[in-house]
>>> print(open('coords-v4.cif').read())   # mmCIF, N, CA and C atoms
data_model
loop_
_atom_site.label_atom_id
_atom_site.label_comp_id
_atom_site.auth_asym_id
_atom_site.auth_seq_id
_atom_site.Cartn_x
_atom_site.Cartn_y
_atom_site.Cartn_z
N MET A 3 126.84 10.25 -195.06
CA MET A 3 127.39 9.37 -196.05
C MET A 3 126.36 8.28 -196.28
N ASP A 4 126.01 8.06 -197.53
CA ASP A 4 125.06 7.02 -197.86
C ASP A 4 125.82 5.78 -198.35
N LEU A 5 125.41 4.63 -197.87
CA LEU A 5 126.02 3.36 -198.25
C LEU A 5 124.98 2.53 -198.99
N TRP A 6 125.39 1.96 -200.10
CA TRP A 6 124.49 1.11 -200.87
C TRP A 6 125.28 -0.12 -201.28
N SER A 7 124.63 -1.26 -201.24
CA SER A 7 125.23 -2.51 -201.66
C SER A 7 124.17 -3.34 -202.38
N LYS A 8 124.55 -4.03 -203.42
CA LYS A 8 123.62 -4.89 -204.13
C LYS A 8 122.95 -5.87 -203.17
N GLY A 9 123.70 -6.35 -202.20
CA GLY A 9 123.18 -7.32 -201.25
C GLY A 9 122.11 -6.75 -200.34
N LEU A 10 122.01 -5.43 -200.24
CA LEU A 10 120.99 -4.80 -199.40
C LEU A 10 119.69 -4.54 -200.16
N GLY A 11 119.66 -4.92 -201.42
CA GLY A 11 118.47 -4.64 -202.23
C GLY A 11 118.39 -3.17 -202.55
N LYS A 12 117.23 -2.56 -202.34
CA LYS A 12 117.05 -1.15 -202.66
C LYS A 12 117.31 -0.23 -201.48
N ARG A 13 117.83 -0.77 -200.39
CA ARG A 13 118.07 0.03 -199.19
C ARG A 13 119.33 0.88 -199.33
N VAL A 14 119.25 2.06 -198.79
CA VAL A 14 120.40 2.94 -198.65
C VAL A 14 120.58 3.17 -197.16
N LEU A 15 121.77 2.88 -196.66
CA LEU A 15 122.05 3.03 -195.24
C LEU A 15 122.74 4.37 -195.01
N SER A 16 122.36 5.04 -193.95
CA SER A 16 122.91 6.35 -193.64
C SER A 16 123.92 6.23 -192.51
N LEU A 17 125.11 6.73 -192.75
CA LEU A 17 126.17 6.71 -191.76
C LEU A 17 126.63 8.16 -191.60
N ALA A 18 126.31 8.79 -190.48
CA ALA A 18 126.65 10.19 -190.24
C ALA A 18 127.93 10.28 -189.42
N LEU A 19 129.04 10.59 -190.07
CA LEU A 19 130.32 10.65 -189.37
C LEU A 19 130.33 11.69 -188.26
N ALA A 20 129.60 12.77 -188.43
CA ALA A 20 129.55 13.80 -187.40
C ALA A 20 128.87 13.30 -186.12
N GLU A 21 128.08 12.24 -186.25
CA GLU A 21 127.38 11.68 -185.09
C GLU A 21 128.05 10.42 -184.58
N ARG A 22 129.30 10.23 -184.93
CA ARG A 22 130.04 9.05 -184.49
C ARG A 22 130.11 8.98 -182.97
N GLU A 23 130.30 7.80 -182.45
CA GLU A 23 130.43 7.62 -181.01
C GLU A 23 131.88 7.72 -180.57
N SER A 24 132.81 7.31 -181.46
CA SER A 24 134.22 7.40 -181.07
C SER A 24 135.11 7.51 -182.29
N LEU A 25 136.26 8.09 -182.07
CA LEU A 25 137.33 8.20 -183.05
C LEU A 25 138.60 7.90 -182.28
N ALA A 26 139.29 6.83 -182.66
CA ALA A 26 140.47 6.41 -181.90
C ALA A 26 141.47 5.76 -182.84
N THR A 27 142.65 5.49 -182.31
CA THR A 27 143.64 4.73 -183.06
C THR A 27 143.75 3.35 -182.44
N ARG A 28 143.93 2.37 -183.32
CA ARG A 28 144.14 0.99 -182.89
C ARG A 28 145.22 0.42 -183.78
N ASP A 29 146.30 0.00 -183.18
CA ASP A 29 147.45 -0.49 -183.92
C ASP A 29 147.89 0.61 -184.91
N ASP A 30 147.84 0.33 -186.20
CA ASP A 30 148.24 1.33 -187.20
C ASP A 30 147.03 1.89 -187.95
N ASP A 31 145.85 1.83 -187.33
CA ASP A 31 144.63 2.27 -187.99
C ASP A 31 143.92 3.37 -187.22
N LEU A 32 143.16 4.17 -187.96
CA LEU A 32 142.24 5.13 -187.38
C LEU A 32 140.87 4.45 -187.40
N VAL A 33 140.20 4.41 -186.25
CA VAL A 33 138.95 3.66 -186.14
C VAL A 33 137.82 4.61 -185.75
N ILE A 34 136.75 4.59 -186.56
CA ILE A 34 135.56 5.40 -186.32
C ILE A 34 134.43 4.44 -186.01
N GLU A 35 133.75 4.65 -184.87
CA GLU A 35 132.66 3.77 -184.48
C GLU A 35 131.40 4.57 -184.19
N GLY A 36 130.26 3.95 -184.45
CA GLY A 36 128.99 4.58 -184.18
C GLY A 36 127.84 3.65 -184.49
N VAL A 37 126.65 4.24 -184.65
CA VAL A 37 125.45 3.48 -184.96
C VAL A 37 124.79 4.11 -186.17
N MET A 38 124.46 3.28 -187.16
CA MET A 38 123.71 3.75 -188.33
C MET A 38 122.28 4.03 -187.90
N HIS A 39 121.62 4.91 -188.62
CA HIS A 39 120.25 5.27 -188.30
C HIS A 39 119.27 4.48 -189.15
N ALA A 40 118.00 4.74 -188.95
CA ALA A 40 116.92 4.01 -189.63
C ALA A 40 117.27 3.82 -191.10
N PRO A 41 116.98 2.70 -191.66
CA PRO A 41 116.09 1.67 -191.15
C PRO A 41 116.80 0.55 -190.38
N THR A 42 118.11 0.63 -190.17
CA THR A 42 118.84 -0.52 -189.63
C THR A 42 119.24 -0.42 -188.17
N PHE A 43 119.74 0.72 -187.73
CA PHE A 43 120.29 0.89 -186.38
C PHE A 43 121.38 -0.14 -186.09
N TRP A 44 122.28 -0.31 -187.04
CA TRP A 44 123.40 -1.22 -186.90
C TRP A 44 124.59 -0.49 -186.32
N ASP A 45 125.36 -1.18 -185.48
CA ASP A 45 126.65 -0.66 -185.06
C ASP A 45 127.58 -0.73 -186.26
N TYR A 46 128.47 0.26 -186.39
CA TYR A 46 129.45 0.21 -187.47
C TYR A 46 130.83 0.52 -186.92
N GLU A 47 131.82 0.07 -187.66
CA GLU A 47 133.21 0.40 -187.38
C GLU A 47 133.89 0.61 -188.72
N VAL A 48 134.43 1.80 -188.93
CA VAL A 48 135.17 2.11 -190.13
C VAL A 48 136.64 2.15 -189.74
N THR A 49 137.45 1.36 -190.42
CA THR A 49 138.87 1.29 -190.11
C THR A 49 139.65 1.83 -191.31
N LEU A 50 140.45 2.85 -191.06
CA LEU A 50 141.26 3.47 -192.11
C LEU A 50 142.74 3.33 -191.76
N ASP A 51 143.53 2.90 -192.73
CA ASP A 51 144.97 2.90 -192.50
C ASP A 51 145.55 4.15 -193.17
N ARG A 52 146.84 4.33 -193.04
CA ARG A 52 147.48 5.54 -193.57
C ARG A 52 147.27 5.68 -195.08
N ARG A 53 147.30 4.58 -195.79
CA ARG A 53 147.10 4.62 -197.24
C ARG A 53 145.67 5.08 -197.58
N ASP A 54 144.69 4.59 -196.82
CA ASP A 54 143.29 5.01 -197.04
C ASP A 54 143.16 6.52 -196.88
N ILE A 55 143.77 7.06 -195.83
CA ILE A 55 143.67 8.50 -195.57
C ILE A 55 144.36 9.29 -196.67
N THR A 56 145.54 8.84 -197.08
CA THR A 56 146.27 9.50 -198.16
C THR A 56 145.46 9.48 -199.45
N GLU A 57 144.85 8.34 -199.77
CA GLU A 57 144.05 8.23 -201.00
C GLU A 57 142.80 9.11 -200.92
N PHE A 58 142.17 9.20 -199.74
CA PHE A 58 141.00 10.05 -199.59
C PHE A 58 141.38 11.52 -199.77
N LEU A 59 142.49 11.93 -199.16
CA LEU A 59 142.94 13.32 -199.33
C LEU A 59 143.27 13.61 -200.79
N ASP A 60 143.81 12.62 -201.50
CA ASP A 60 144.07 12.78 -202.92
C ASP A 60 142.77 12.98 -203.70
N LEU A 61 141.70 12.24 -203.31
CA LEU A 61 140.40 12.41 -203.97
C LEU A 61 139.87 13.83 -203.79
N LEU A 62 140.11 14.43 -202.62
CA LEU A 62 139.63 15.79 -202.36
C LEU A 62 140.27 16.82 -203.27
N GLN A 63 141.45 16.51 -203.79
CA GLN A 63 142.17 17.46 -204.65
C GLN A 63 141.81 17.32 -206.13
N ARG A 64 141.09 16.29 -206.48
CA ARG A 64 140.78 16.03 -207.89
C ARG A 64 139.82 17.08 -208.45
N PRO A 65 139.96 17.40 -209.73
CA PRO A 65 139.09 18.41 -210.35
C PRO A 65 137.59 18.10 -210.20
N GLU A 66 137.21 16.83 -210.26
CA GLU A 66 135.80 16.46 -210.12
C GLU A 66 135.27 16.86 -208.74
N THR A 67 136.10 16.66 -207.71
CA THR A 67 135.68 17.01 -206.35
C THR A 67 135.57 18.51 -206.20
N VAL A 68 136.54 19.23 -206.71
CA VAL A 68 136.51 20.70 -206.63
C VAL A 68 135.29 21.23 -207.36
N ARG A 69 135.01 20.70 -208.54
CA ARG A 69 133.84 21.13 -209.31
C ARG A 69 132.56 20.84 -208.53
N PHE A 70 132.46 19.68 -207.91
CA PHE A 70 131.30 19.31 -207.12
C PHE A 70 131.07 20.32 -205.99
N VAL A 71 132.14 20.69 -205.30
CA VAL A 71 132.03 21.65 -204.19
C VAL A 71 131.64 23.02 -204.70
N ILE A 72 132.28 23.50 -205.73
CA ILE A 72 132.01 24.84 -206.26
C ILE A 72 130.57 24.97 -206.74
N GLU A 73 130.01 23.91 -207.30
CA GLU A 73 128.65 23.95 -207.82
C GLU A 73 127.59 23.74 -206.73
N ASP A 74 128.00 23.41 -205.51
CA ASP A 74 127.06 23.12 -204.43
C ASP A 74 126.56 24.41 -203.77
N GLU A 75 125.28 24.44 -203.40
CA GLU A 75 124.72 25.63 -202.75
C GLU A 75 125.31 25.86 -201.36
N HIS A 76 125.89 24.83 -200.76
CA HIS A 76 126.51 24.94 -199.43
C HIS A 76 128.02 25.16 -199.54
N ARG A 77 128.49 25.61 -200.70
CA ARG A 77 129.93 25.70 -200.92
C ARG A 77 130.65 26.58 -199.91
N THR A 78 130.01 27.63 -199.41
CA THR A 78 130.67 28.49 -198.43
C THR A 78 130.99 27.71 -197.16
N LYS A 79 130.05 26.92 -196.68
CA LYS A 79 130.29 26.10 -195.49
C LYS A 79 131.35 25.04 -195.76
N ILE A 80 131.26 24.41 -196.93
CA ILE A 80 132.22 23.36 -197.26
C ILE A 80 133.62 23.95 -197.37
N LEU A 81 133.76 25.06 -198.08
CA LEU A 81 135.08 25.68 -198.25
C LEU A 81 135.65 26.20 -196.94
N SER A 82 134.82 26.81 -196.10
CA SER A 82 135.33 27.31 -194.82
C SER A 82 135.71 26.15 -193.91
N THR A 83 134.97 25.04 -193.97
CA THR A 83 135.32 23.86 -193.19
C THR A 83 136.63 23.27 -193.69
N ALA A 84 136.79 23.19 -195.00
CA ALA A 84 138.03 22.66 -195.57
C ALA A 84 139.23 23.51 -195.16
N LEU A 85 139.08 24.83 -195.25
CA LEU A 85 140.18 25.72 -194.90
C LEU A 85 140.51 25.65 -193.41
N SER A 86 139.48 25.72 -192.56
CA SER A 86 139.75 25.67 -191.12
C SER A 86 140.31 24.30 -190.72
N SER A 87 139.83 23.23 -191.34
CA SER A 87 140.36 21.89 -191.04
C SER A 87 141.83 21.78 -191.43
N ALA A 88 142.17 22.32 -192.60
CA ALA A 88 143.57 22.28 -193.04
C ALA A 88 144.47 23.07 -192.10
N LEU A 89 144.01 24.24 -191.67
CA LEU A 89 144.81 25.06 -190.75
C LEU A 89 144.96 24.39 -189.38
N ILE A 90 143.86 23.83 -188.87
CA ILE A 90 143.92 23.13 -187.58
C ILE A 90 144.85 21.93 -187.68
N PHE A 91 144.72 21.15 -188.75
CA PHE A 91 145.57 19.98 -188.94
C PHE A 91 147.04 20.39 -189.02
N ALA A 92 147.34 21.43 -189.78
CA ALA A 92 148.72 21.90 -189.91
C ALA A 92 149.26 22.38 -188.57
N GLY A 93 148.47 23.17 -187.85
CA GLY A 93 148.91 23.68 -186.55
C GLY A 93 149.17 22.57 -185.55
N ARG A 94 148.28 21.61 -185.48
CA ARG A 94 148.46 20.50 -184.54
C ARG A 94 149.63 19.62 -184.93
N THR A 95 149.82 19.43 -186.23
CA THR A 95 150.95 18.64 -186.71
C THR A 95 152.27 19.33 -186.37
N LEU A 96 152.35 20.64 -186.62
CA LEU A 96 153.57 21.39 -186.29
C LEU A 96 153.85 21.35 -184.80
N ARG A 97 152.81 21.49 -184.00
CA ARG A 97 152.99 21.43 -182.54
C ARG A 97 153.58 20.09 -182.13
N LEU A 98 153.04 19.01 -182.69
CA LEU A 98 153.52 17.68 -182.36
C LEU A 98 154.97 17.52 -182.79
N LEU A 99 155.30 18.00 -183.99
CA LEU A 99 156.67 17.87 -184.49
C LEU A 99 157.66 18.71 -183.67
N VAL A 100 157.26 19.90 -183.25
CA VAL A 100 158.15 20.80 -182.52
C VAL A 100 158.27 20.42 -181.05
N THR A 101 157.14 20.16 -180.40
CA THR A 101 157.17 19.91 -178.96
C THR A 101 157.26 18.42 -178.62
N GLY A 102 156.90 17.57 -179.55
CA GLY A 102 156.91 16.14 -179.28
C GLY A 102 155.70 15.66 -178.51
N SER A 103 154.78 16.57 -178.22
CA SER A 103 153.57 16.16 -177.49
C SER A 103 152.33 16.61 -178.26
N PRO A 104 151.32 15.75 -178.27
CA PRO A 104 150.09 16.12 -178.99
C PRO A 104 149.36 17.24 -178.25
N PRO A 105 148.52 17.97 -178.97
CA PRO A 105 147.72 19.00 -178.31
C PRO A 105 146.73 18.37 -177.34
N PRO A 106 146.22 19.13 -176.39
CA PRO A 106 145.24 18.57 -175.47
C PRO A 106 143.99 18.13 -176.22
N GLU A 107 143.25 17.22 -175.60
CA GLU A 107 142.00 16.76 -176.21
C GLU A 107 141.08 17.95 -176.43
N VAL A 108 140.38 17.94 -177.55
CA VAL A 108 139.50 19.03 -177.91
C VAL A 108 138.07 18.53 -177.83
N PRO A 109 137.15 19.33 -177.27
CA PRO A 109 135.75 18.88 -177.21
C PRO A 109 135.18 18.66 -178.60
N GLU A 110 134.16 17.82 -178.69
CA GLU A 110 133.52 17.48 -179.96
C GLU A 110 133.06 18.72 -180.74
N THR A 111 132.75 19.81 -180.07
CA THR A 111 132.25 21.00 -180.76
C THR A 111 133.31 21.61 -181.64
N ASP A 112 134.56 21.18 -181.49
CA ASP A 112 135.66 21.69 -182.31
C ASP A 112 135.63 21.10 -183.71
N THR A 113 134.83 20.07 -183.95
CA THR A 113 134.81 19.37 -185.22
C THR A 113 134.06 20.19 -186.26
N PRO A 114 134.78 20.76 -187.26
CA PRO A 114 134.12 21.58 -188.28
C PRO A 114 133.10 20.82 -189.11
N MET A 115 133.23 19.49 -189.22
CA MET A 115 132.31 18.71 -190.05
C MET A 115 130.86 18.89 -189.66
N LYS A 116 130.58 19.12 -188.40
CA LYS A 116 129.19 19.21 -187.95
C LYS A 116 128.45 20.37 -188.57
N GLU A 117 129.16 21.35 -189.09
CA GLU A 117 128.53 22.54 -189.67
C GLU A 117 128.11 22.33 -191.11
N VAL A 118 128.60 21.30 -191.77
CA VAL A 118 128.33 21.09 -193.17
C VAL A 118 126.95 20.46 -193.35
N GLY A 119 126.18 20.95 -194.33
CA GLY A 119 124.84 20.43 -194.60
C GLY A 119 124.92 19.02 -195.17
N THR A 120 123.79 18.33 -195.16
CA THR A 120 123.73 16.98 -195.70
C THR A 120 123.47 17.03 -197.19
N SER A 121 123.67 15.90 -197.83
CA SER A 121 123.53 15.86 -199.27
C SER A 121 122.07 15.87 -199.71
N GLY A 122 121.17 15.48 -198.84
CA GLY A 122 119.76 15.46 -199.21
C GLY A 122 119.36 14.23 -199.99
N ARG A 123 120.32 13.30 -200.19
CA ARG A 123 120.00 12.07 -200.90
C ARG A 123 119.31 11.09 -199.98
N ALA A 124 118.52 10.19 -200.54
CA ALA A 124 117.87 9.14 -199.74
C ALA A 124 118.03 7.81 -200.41
#
>>> encode(input="coords-v4.cif", output="structure tokens")
Amino acid sequence: MDLWSKGLGKRVLSLALAERESLATRDDDLVIEGVMHAPTFWDYEVTLDRRDITEFLDLLQRPETVRFVIEDEHRTKILSTALSSALIFAGRTLRLLVTGSPPPEVPETDTPMKEVGTSGRA
């Protein structure tokens, strides 16, 4: 994910969610923490509430997003990651609803995002 702000001048900061240091919940938020890479090496914390997640999932369904994915050379990886993520999310959600207990912790290698190529932007 590339971050750009007018206040940073011409710099683009790279934040790789797949290389995050932690993913946890705090109060009513999902918190992602890690370190940005060159040129800054800044610690970051991304805080998402339920509305943020709902709005992001809504963005994924928009025609512009679908068109972007379909036209991408990595579309097979993106589509398989999207499908496997949806199935895993649904399965874990159903388990929680039925049994009342969350699934056991899963090692980081279970994260489908790591398989997706980068955008190549700088």
>>> atom_distance(input="coords-v4.cif", atom1="atom CA of Pro41 of chain A", atom2="atom N of Leu15 of chain A")
8.0 Å
>>> residues_near_point(input="coords-v4.cif", point="(133.5, 9.4, -183.9)", cutoff="10 Å", atoms="only C-alpha atoms", output="list of chain:residue names")
A:Ala18, A:Leu19, A:Ala20, A:Glu21, A:Arg22, A:Glu23, A:Ser24, A:Leu25, A:Ala26, A:Val33, A:Ile34, A:Glu35, A:Gly36, A:Glu47, A:Val48, A:Glu110
>>> atom_distance(input="coords-v4.cif", atom1="atom C of Arg77 of chain A", atom2="atom N of Ile90 of chain A")
17.4 Å
>>> axis_aligned_box(input="coords-v4.cif", around="segment 40-57 of chain A", padding_each_side="6 Å", output="AutoDock Vina command-line options")
--center_x 131.8 --center_y 4.1 --center_z -193.0 --size_x 43.4 --size_y 22.7 --size_z 27.9
>>> residues_around(input="coords-v4.cif", residues="Pro104 of chain A", least_positions_apart="5", cutoff="8 Å", atoms="all atoms listed in the file", output="ChimeraX atom specification")
/A:94-95,97-99
>>> write_last_selection(input="coords-v4.cif", atoms="N, CA and C atoms", output="JSON list (two decimals), in the frame of the given file")
[["chain", "number", "residue", "atom", "x", "y", "z"],
["A", 94, "ARG", "N", 148.28, 21.61, -185.48],
["A", 94, "ARG", "CA", 148.46, 20.50, -184.54],
["A", 94, "ARG", "C", 149.63, 19.62, -184.93],
["A", 95, "THR", "N", 149.82, 19.43, -186.23],
["A", 95, "THR", "CA", 150.95, 18.64, -186.71],
["A", 95, "THR", "C", 152.27, 19.33, -186.37],
["A", 97, "ARG", "N", 152.81, 21.49, -184.00],
["A", 97, "ARG", "CA", 152.99, 21.43, -182.54],
["A", 97, "ARG", "C", 153.58, 20.09, -182.13],
["A", 98, "LEU", "N", 153.04, 19.01, -182.69],
["A", 98, "LEU", "CA", 153.52, 17.68, -182.36],
["A", 98, "LEU", "C", 154.97, 17.52, -182.79],
["A", 99, "LEU", "N", 155.30, 18.00, -183.99],
["A", 99, "LEU", "CA", 156.67, 17.87, -184.49],
["A", 99, "LEU", "C", 157.66, 18.71, -183.67]]
>>> atom_distance(input="coords-v4.cif", atom1="atom CA of His39 of chain A", atom2="atom CA of Leu17 of chain A")
7.0 Å
>>> select_by_dssp(input="coords-v4.cif", residues="chain A", states="alpha helix (DSSP H)", output="MDAnalysis selection string")
chainID A and resid 52:63 65:72 77:101
>>> select_by_dssp(input="coords-v4.cif", residues="chain A", states="strand (DSSP E or B)", output="list in words")
Asp4, Leu5, Leu15, Ser16, Ser24, Leu25, Ala26, Thr27, Arg28, Asp31, Leu32, Val33, Ile34, Glu35, Gly36, Val37, Asp45, Tyr46, Glu47, Val48, Thr49, Leu50 and Asp51 of chain A
>>> write_last_selection(input="coords-v4.cif", atoms="N, CA and C atoms", output="short mmCIF file (atom, residue, chain, number, x, y, z; two decimals), in the frame of the given file")
data_model
loop_
_atom_site.label_atom_id
_atom_site.label_comp_id
_atom_site.auth_asym_id
_atom_site.auth_seq_id
_atom_site.Cartn_x
_atom_site.Cartn_y
_atom_site.Cartn_z
N ASP A 4 126.01 8.06 -197.53
CA ASP A 4 125.06 7.02 -197.86
C ASP A 4 125.82 5.78 -198.35
N LEU A 5 125.41 4.63 -197.87
CA LEU A 5 126.02 3.36 -198.25
C LEU A 5 124.98 2.53 -198.99
N LEU A 15 121.77 2.88 -196.66
CA LEU A 15 122.05 3.03 -195.24
C LEU A 15 122.74 4.37 -195.01
N SER A 16 122.36 5.04 -193.95
CA SER A 16 122.91 6.35 -193.64
C SER A 16 123.92 6.23 -192.51
N SER A 24 132.81 7.31 -181.46
CA SER A 24 134.22 7.40 -181.07
C SER A 24 135.11 7.51 -182.29
N LEU A 25 136.26 8.09 -182.07
CA LEU A 25 137.33 8.20 -183.05
C LEU A 25 138.60 7.90 -182.28
N ALA A 26 139.29 6.83 -182.66
CA ALA A 26 140.47 6.41 -181.90
C ALA A 26 141.47 5.76 -182.84
N THR A 27 142.65 5.49 -182.31
CA THR A 27 143.64 4.73 -183.06
C THR A 27 143.75 3.35 -182.44
N ARG A 28 143.93 2.37 -183.32
CA ARG A 28 144.14 0.99 -182.89
C ARG A 28 145.22 0.42 -183.78
N ASP A 31 145.85 1.83 -187.33
CA ASP A 31 144.63 2.27 -187.99
C ASP A 31 143.92 3.37 -187.22
N LEU A 32 143.16 4.17 -187.96
CA LEU A 32 142.24 5.13 -187.38
C LEU A 32 140.87 4.45 -187.40
N VAL A 33 140.20 4.41 -186.25
CA VAL A 33 138.95 3.66 -186.14
C VAL A 33 137.82 4.61 -185.75
N ILE A 34 136.75 4.59 -186.56
CA ILE A 34 135.56 5.40 -186.32
C ILE A 34 134.43 4.44 -186.01
N GLU A 35 133.75 4.65 -184.87
CA GLU A 35 132.66 3.77 -184.48
C GLU A 35 131.40 4.57 -184.19
N GLY A 36 130.26 3.95 -184.45
CA GLY A 36 128.99 4.58 -184.18
C GLY A 36 127.84 3.65 -184.49
N VAL A 37 126.65 4.24 -184.65
CA VAL A 37 125.45 3.48 -184.96
C VAL A 37 124.79 4.11 -186.17
N ASP A 45 125.36 -1.18 -185.48
CA ASP A 45 126.65 -0.66 -185.06
C ASP A 45 127.58 -0.73 -186.26
N TYR A 46 128.47 0.26 -186.39
CA TYR A 46 129.45 0.21 -187.47
C TYR A 46 130.83 0.52 -186.92
N GLU A 47 131.82 0.07 -187.66
CA GLU A 47 133.21 0.40 -187.38
C GLU A 47 133.89 0.61 -188.72
N VAL A 48 134.43 1.80 -188.93
CA VAL A 48 135.17 2.11 -190.13
C VAL A 48 136.64 2.15 -189.74
N THR A 49 137.45 1.36 -190.42
CA THR A 49 138.87 1.29 -190.11
C THR A 49 139.65 1.83 -191.31
N LEU A 50 140.45 2.85 -191.06
CA LEU A 50 141.26 3.47 -192.11
C LEU A 50 142.74 3.33 -191.76
N ASP A 51 143.53 2.90 -192.73
CA ASP A 51 144.97 2.90 -192.50
C ASP A 51 145.55 4.15 -193.17
#
>>> resolve_selection(input="coords-v4.cif", expression="the PyMOL selection byres ((chain A and resi 31) around 7)", output="PyMOL selection string")
chain A and resi 26-30+32-33+49-52
>>> residues_around(input="coords-v4.cif", residues="Ser16 of chain A", least_positions_apart="5", cutoff="7 Å", atoms="all atoms listed in the file", output="PyMOL selection string")
chain A and resi 3-5+37-41
>>> closest_residue(input="coords-v4.cif", among="A:Leu10, A:Ile72, A:Leu96, A:Ala88", to="Leu59 of chain A", atoms="only C-alpha atoms")
A:Ala88
